[in-house]
$ cat target.txt   # compact mmCIF, C-alpha atoms
# COMPACT_ATOMS: atom_id res chain seq x y z
CA ARG A 1 -2.91 -10.09 -15.43
CA ARG A 2 -0.37 -12.77 -14.55
CA ARG A 3 2.54 -10.55 -15.52
CA TYR A 4 1.35 -7.87 -13.11
CA SER A 5 0.75 -10.27 -10.26
CA ALA A 6 4.13 -11.98 -10.70
CA ARG A 7 5.91 -8.62 -10.74
CA SER A 8 3.90 -6.85 -8.02
CA PRO A 9 6.09 -7.87 -5.02
CA THR A 10 9.10 -6.37 -6.80
CA LEU A 11 7.17 -3.20 -7.63
CA VAL A 12 6.05 -2.81 -4.01
CA CYS A 13 9.57 -3.37 -2.70
CA ASP A 14 11.02 -0.85 -5.16
CA GLN A 15 8.47 1.80 -4.21
CA SER A 16 8.79 1.15 -0.47
CA THR A 17 12.58 1.48 -0.73
CA LYS A 18 12.26 4.74 -2.68
CA ALA A 19 9.75 6.06 -0.16
CA THR A 20 11.90 5.21 2.86
CA ARG A 21 14.96 6.79 1.24
CA ALA A 22 13.03 9.94 0.28
CA ALA A 23 11.60 10.33 3.79
CA ALA A 24 15.02 9.82 5.38
CA THR A 25 16.62 12.47 3.17
CA GLY A 26 13.97 15.13 3.80
CA HIS A 27 11.80 14.74 0.69
CA PRO A 28 8.30 14.20 2.10
CA HIS A 29 6.47 14.82 -1.19
CA SER A 30 8.50 12.17 -3.01
CA ALA A 31 8.07 9.84 -0.03
CA ALA A 32 4.29 10.33 -0.04
CA ASP A 33 4.11 9.63 -3.78
CA ALA A 34 6.17 6.44 -3.50
CA TYR A 35 4.29 5.17 -0.43
CA LEU A 36 0.99 5.85 -2.19
CA ARG A 37 2.18 3.96 -5.27
CA ALA A 38 3.22 1.03 -3.04
CA ALA A 39 -0.19 1.14 -1.32
CA ASN A 40 -1.93 1.02 -4.70
CA TYR A 41 0.18 -1.96 -5.81
CA ARG A 42 -0.65 -3.72 -2.53
CA PHE A 43 -4.35 -2.92 -2.95
CA ALA A 44 -4.36 -4.40 -6.46
CA GLY A 45 -2.50 -7.46 -5.21
CA PHE A 46 -5.01 -7.93 -2.40
CA TYR A 47 -7.61 -9.20 -4.85
CA GLN A 48 -5.08 -11.64 -6.29
CA VAL A 49 -4.59 -13.05 -2.78
CA LEU A 50 -8.33 -13.61 -2.36
CA GLY A 51 -8.40 -15.68 -5.54
CA SER A 52 -5.21 -17.61 -4.76
CA ALA A 53 -4.70 -21.08 -3.33
CA ASP A 54 -4.00 -19.45 0.06
CA PRO A 55 -6.72 -16.82 0.59
CA GLY A 56 -5.95 -16.87 4.32
CA ARG A 57 -3.18 -14.36 3.62
CA HIS A 58 -5.81 -11.68 2.99
CA LEU A 59 -5.47 -10.12 6.44
CA SER A 60 -1.71 -9.65 6.22
CA ALA A 61 -2.07 -8.35 2.65
CA TRP A 62 -4.68 -5.82 3.76
CA ARG A 63 -2.60 -4.70 6.74
CA ALA A 64 0.45 -4.17 4.50
CA HIS A 65 -1.69 -2.00 2.19
CA ARG A 66 -2.95 0.02 5.13
CA THR A 67 0.57 0.53 6.49
CA SER A 68 1.78 1.87 3.13
CA LEU A 69 -1.22 4.18 2.92
CA ARG A 70 -0.65 5.49 6.45
CA HIS A 71 2.99 6.24 5.64
CA ALA A 72 1.87 8.09 2.51
CA LEU A 73 -0.55 10.22 4.49
CA MET A 74 2.04 10.98 7.19
CA ASN A 75 4.23 12.52 4.46
CA TRP A 76 1.36 14.21 2.61
CA ASP A 77 1.56 17.99 2.29
CA GLN A 78 -2.10 18.30 3.32
CA SER A 79 -3.41 17.12 6.67
CA ALA A 80 -5.36 13.87 6.72
CA GLU A 81 -7.29 12.19 9.48
CA GLU A 82 -7.88 8.47 9.87
CA LEU A 83 -11.49 7.56 10.51
CA ARG A 84 -12.36 4.30 12.21
CA ILE A 85 -15.81 2.98 11.47
CA PRO A 86 -16.98 0.00 13.50
CA TRP A 87 -17.83 -2.93 11.26
CA GLY A 88 -20.86 -5.02 12.11
CA ALA A 89 -21.79 -3.03 15.20
$ encode --input "target.txt" --output "structure tokens"
Amino acid sequence: RRRYSARSPTLVCDQSTKATRAAATGHPHSAADAYLRAANYRFAGFYQVLGSADPGRHLSAWRAHRTSLRHALMNWDQSAEELRIPWGA
């Protein structure tokens, strides 16, 4: 568990770089795959943030995950629609 959490920022950065490069060179499928992988790494890391000494970072961690996921879906070969569900309404 510690090995993954210590390495996860590097994994996210690697995947985000691959995704950006793939999108810029006209490879949307590769970009979508890399962005989705980065989103999954960020999602897994989100739970590590909640249990850390600074759980206040949870909002920025969640937003980073969502951004990676949105980029993945923008490059997806199938259409996707974002749904917003009011929380606590």
$ residues_around --input "target.txt" --residues "Ala22 of chain A" --least-positions-apart "5" --cutoff "9 Å" --atoms "all atoms listed in the file" --output "short mmCIF file (atom, residue, chain, number, x, y, z; two decimals) with C-alpha atoms, keeping the file's coordinate frame"
data_model
loop_
_atom_site.label_atom_id
_atom_site.label_comp_id
_atom_site.auth_asym_id
_atom_site.auth_seq_id
_atom_site.Cartn_x
_atom_site.Cartn_y
_atom_site.Cartn_z
CA THR A 17 12.58 1.48 -0.73
CA HIS A 27 11.80 14.74 0.69
CA PRO A 28 8.30 14.20 2.10
CA HIS A 29 6.47 14.82 -1.19
CA SER A 30 8.50 12.17 -3.01
CA ALA A 31 8.07 9.84 -0.03
CA ALA A 32 4.29 10.33 -0.04
CA ALA A 34 6.17 6.44 -3.50
#
$ atom_distance --input "target.txt" --atom1 "atom CA of Lys18 of chain A" --atom2 "atom CA of Leu69 of chain A"
14.6 Å
$ atom_distance --input "target.txt" --atom1 "atom CA of Arg63 of chain A" --atom2 "atom CA of Val49 of chain A"
12.8 Å
$ atom_distance --input "target.txt" --atom1 "atom CA of Leu73 of chain A" --atom2 "atom CA of Pro55 of chain A"
28.0 Å
$ residues_near_point --input "target.txt" --point "(-7.5, -10.2, 3.8)" --cutoff "12 Å" --atoms "only C-alpha atoms" --output "tab-separated table (two decimals) with C-alpha atoms, in the coordinates of the input"
chain	number	residue	atom	x	y	z
A	42	ARG	CA	-0.65	-3.72	-2.53
A	43	PHE	CA	-4.35	-2.92	-2.95
A	45	GLY	CA	-2.50	-7.46	-5.21
A	46	PHE	CA	-5.01	-7.93	-2.40
A	47	TYR	CA	-7.61	-9.20	-4.85
A	48	GLN	CA	-5.08	-11.64	-6.29
A	49	VAL	CA	-4.59	-13.05	-2.78
A	50	LEU	CA	-8.33	-13.61	-2.36
A	51	GLY	CA	-8.40	-15.68	-5.54
A	52	SER	CA	-5.21	-17.61	-4.76
A	54	ASP	CA	-4.00	-19.45	0.06
A	55	PRO	CA	-6.72	-16.82	0.59
A	56	GLY	CA	-5.95	-16.87	4.32
A	57	ARG	CA	-3.18	-14.36	3.62
A	58	HIS	CA	-5.81	-11.68	2.99
A	59	LEU	CA	-5.47	-10.12	6.44
A	60	SER	CA	-1.71	-9.65	6.22
A	61	ALA	CA	-2.07	-8.35	2.65
A	62	TRP	CA	-4.68	-5.82	3.76
A	63	ARG	CA	-2.60	-4.70	6.74
A	64	ALA	CA	0.45	-4.17	4.50
A	65	HIS	CA	-1.69	-2.00	2.19
A	66	ARG	CA	-2.95	0.02	5.13
$ closest_residue --input "target.txt" --among "A:His71, A:Asp33, A:Tyr41, A:Gly26" --to "Thr10 of chain A" --atoms "only C-alpha atoms"
A:Tyr41
$ residues_around --input "target.txt" --residues "Arg70 of chain A" --least-positions-apart "3" --cutoff "9 Å" --atoms "only C-alpha atoms" --output "short mmCIF file (atom, residue, chain, number, x, y, z; two decimals) with C-alpha atoms, keeping the file's coordinate frame"
data_model
loop_
_atom_site.label_atom_id
_atom_site.label_comp_id
_atom_site.auth_asym_id
_atom_site.auth_seq_id
_atom_site.Cartn_x
_atom_site.Cartn_y
_atom_site.Cartn_z
CA TYR A 35 4.29 5.17 -0.43
CA LEU A 36 0.99 5.85 -2.19
CA ALA A 39 -0.19 1.14 -1.32
CA HIS A 65 -1.69 -2.00 2.19
CA ARG A 66 -2.95 0.02 5.13
CA THR A 67 0.57 0.53 6.49
CA LEU A 73 -0.55 10.22 4.49
CA MET A 74 2.04 10.98 7.19
CA ASN A 75 4.23 12.52 4.46
CA GLU A 82 -7.88 8.47 9.87
#
$ decode --input "target.txt" --residues "segment 7-53 of chain A" --atoms "N, CA and C atoms" --output "tab-separated table (two decimals), in the first residue's frame"
chain	number	residue	atom	x	y	z
A	7	ARG	N	4.40	6.20	-4.95
A	7	ARG	CA	4.69	6.26	-6.39
A	7	ARG	C	3.55	6.90	-7.18
A	8	SER	N	2.36	7.03	-6.61
A	8	SER	CA	1.21	7.47	-7.39
A	8	SER	C	1.35	8.85	-8.02
A	9	PRO	N	1.99	9.86	-7.39
A	9	PRO	CA	2.13	11.14	-8.10
A	9	PRO	C	2.95	11.00	-9.38
A	10	THR	N	3.98	10.16	-9.36
A	10	THR	CA	4.78	9.93	-10.55
A	10	THR	C	3.96	9.21	-11.62
A	11	LEU	N	3.18	8.23	-11.22
A	11	LEU	CA	2.32	7.51	-12.17
A	11	LEU	C	1.32	8.44	-12.83
A	12	VAL	N	0.71	9.30	-12.04
A	12	VAL	CA	-0.27	10.26	-12.58
A	12	VAL	C	0.40	11.20	-13.56
A	13	CYS	N	1.55	11.74	-13.18
A	13	CYS	CA	2.28	12.66	-14.05
A	13	CYS	C	2.66	11.98	-15.36
A	14	ASP	N	3.16	10.76	-15.29
A	14	ASP	CA	3.54	10.02	-16.49
A	14	ASP	C	2.34	9.83	-17.42
A	15	GLN	N	1.21	9.43	-16.86
A	15	GLN	CA	0.02	9.19	-17.68
A	15	GLN	C	-0.54	10.48	-18.24
A	16	SER	N	-0.54	11.55	-17.44
A	16	SER	CA	-1.04	12.84	-17.92
A	16	SER	C	-0.18	13.36	-19.06
A	17	THR	N	1.14	13.18	-18.96
A	17	THR	CA	2.05	13.61	-20.02
A	17	THR	C	1.80	12.80	-21.29
A	18	LYS	N	1.66	11.48	-21.15
A	18	LYS	CA	1.36	10.63	-22.30
A	18	LYS	C	0.05	11.04	-22.96
A	19	ALA	N	-0.95	11.32	-22.13
A	19	ALA	CA	-2.27	11.68	-22.64
A	19	ALA	C	-2.22	12.99	-23.41
A	20	THR	N	-1.56	13.99	-22.84
A	20	THR	CA	-1.46	15.30	-23.49
A	20	THR	C	-0.72	15.17	-24.82
A	21	ARG	N	0.36	14.41	-24.83
A	21	ARG	CA	1.14	14.21	-26.05
A	21	ARG	C	0.31	13.47	-27.11
A	22	ALA	N	-0.42	12.44	-26.69
A	22	ALA	CA	-1.25	11.68	-27.64
A	22	ALA	C	-2.35	12.56	-28.23
A	23	ALA	N	-3.00	13.36	-27.39
A	23	ALA	CA	-4.06	14.25	-27.88
A	23	ALA	C	-3.50	15.27	-28.86
A	24	ALA	N	-2.33	15.82	-28.55
A	24	ALA	CA	-1.73	16.85	-29.40
A	24	ALA	C	-1.27	16.31	-30.74
A	25	THR	N	-0.98	15.01	-30.80
A	25	THR	CA	-0.50	14.43	-32.06
A	25	THR	C	-1.59	13.66	-32.80
A	26	GLY	N	-2.84	13.87	-32.40
A	26	GLY	CA	-3.96	13.28	-33.14
A	26	GLY	C	-4.26	11.83	-32.84
A	27	HIS	N	-4.00	11.39	-31.62
A	27	HIS	CA	-4.28	10.01	-31.22
A	27	HIS	C	-5.27	10.01	-30.05
A	28	PRO	N	-6.55	10.28	-30.36
A	28	PRO	CA	-7.54	10.43	-29.28
A	28	PRO	C	-7.76	9.16	-28.47
A	29	HIS	N	-7.67	7.99	-29.10
A	29	HIS	CA	-7.89	6.75	-28.35
A	29	HIS	C	-6.79	6.54	-27.30
A	30	SER	N	-5.56	6.76	-27.70
A	30	SER	CA	-4.44	6.65	-26.76
A	30	SER	C	-4.55	7.71	-25.67
A	31	ALA	N	-4.98	8.91	-26.05
A	31	ALA	CA	-5.16	9.99	-25.08
A	31	ALA	C	-6.23	9.61	-24.06
A	32	ALA	N	-7.35	9.09	-24.54
A	32	ALA	CA	-8.44	8.69	-23.64
A	32	ALA	C	-7.98	7.62	-22.68
A	33	ASP	N	-7.25	6.63	-23.17
A	33	ASP	CA	-6.74	5.56	-22.31
A	33	ASP	C	-5.81	6.10	-21.22
A	34	ALA	N	-4.90	6.98	-21.60
A	34	ALA	CA	-3.94	7.53	-20.64
A	34	ALA	C	-4.63	8.45	-19.63
A	35	TYR	N	-5.56	9.29	-20.10
A	35	TYR	CA	-6.30	10.14	-19.17
A	35	TYR	C	-7.12	9.30	-18.20
A	36	LEU	N	-7.73	8.24	-18.69
A	36	LEU	CA	-8.52	7.37	-17.82
A	36	LEU	C	-7.63	6.68	-16.79
A	37	ARG	N	-6.46	6.25	-17.20
A	37	ARG	CA	-5.52	5.64	-16.26
A	37	ARG	C	-5.11	6.66	-15.19
A	38	ALA	N	-4.84	7.90	-15.61
A	38	ALA	CA	-4.48	8.96	-14.65
A	38	ALA	C	-5.65	9.21	-13.69
A	39	ALA	N	-6.87	9.23	-14.22
A	39	ALA	CA	-8.05	9.44	-13.37
A	39	ALA	C	-8.18	8.32	-12.35
A	40	ASN	N	-7.92	7.09	-12.77
A	40	ASN	CA	-8.00	5.96	-11.84
A	40	ASN	C	-6.93	6.05	-10.76
A	41	TYR	N	-5.72	6.45	-11.12
A	41	TYR	CA	-4.66	6.64	-10.13
A	41	TYR	C	-5.06	7.73	-9.14
A	42	ARG	N	-5.62	8.82	-9.67
A	42	ARG	CA	-6.04	9.92	-8.79
A	42	ARG	C	-7.18	9.47	-7.86
A	43	PHE	N	-8.09	8.67	-8.40
A	43	PHE	CA	-9.21	8.18	-7.58
A	43	PHE	C	-8.69	7.31	-6.44
A	44	ALA	N	-7.75	6.43	-6.75
A	44	ALA	CA	-7.17	5.57	-5.71
A	44	ALA	C	-6.42	6.41	-4.68
A	45	GLY	N	-5.73	7.43	-5.12
A	45	GLY	CA	-5.00	8.29	-4.22
A	45	GLY	C	-5.89	9.15	-3.35
A	46	PHE	N	-7.11	9.41	-3.82
A	46	PHE	CA	-8.06	10.22	-3.07
A	46	PHE	C	-8.30	9.64	-1.68
A	47	TYR	N	-8.42	8.35	-1.59
A	47	TYR	CA	-8.67	7.72	-0.30
A	47	TYR	C	-7.45	7.80	0.61
A	48	GLN	N	-6.26	7.84	0.02
A	48	GLN	CA	-5.05	8.04	0.80
A	48	GLN	C	-5.03	9.44	1.41
A	49	VAL	N	-5.53	10.42	0.67
A	49	VAL	CA	-5.59	11.80	1.17
A	49	VAL	C	-6.53	11.88	2.36
A	50	LEU	N	-7.66	11.21	2.28
A	50	LEU	CA	-8.62	11.26	3.39
A	50	LEU	C	-8.02	10.72	4.69
A	51	GLY	N	-7.15	9.74	4.58
A	51	GLY	CA	-6.54	9.14	5.75
A	51	GLY	C	-5.21	9.76	6.13
A	52	SER	N	-4.82	10.83	5.45
A	52	SER	CA	-3.51	11.44	5.71
A	52	SER	C	-3.58	12.46	6.84
A	53	ALA	N	-2.44	13.04	7.14
A	53	ALA	CA	-2.36	14.07	8.18
A	53	ALA	C	-3.01	15.38	7.70
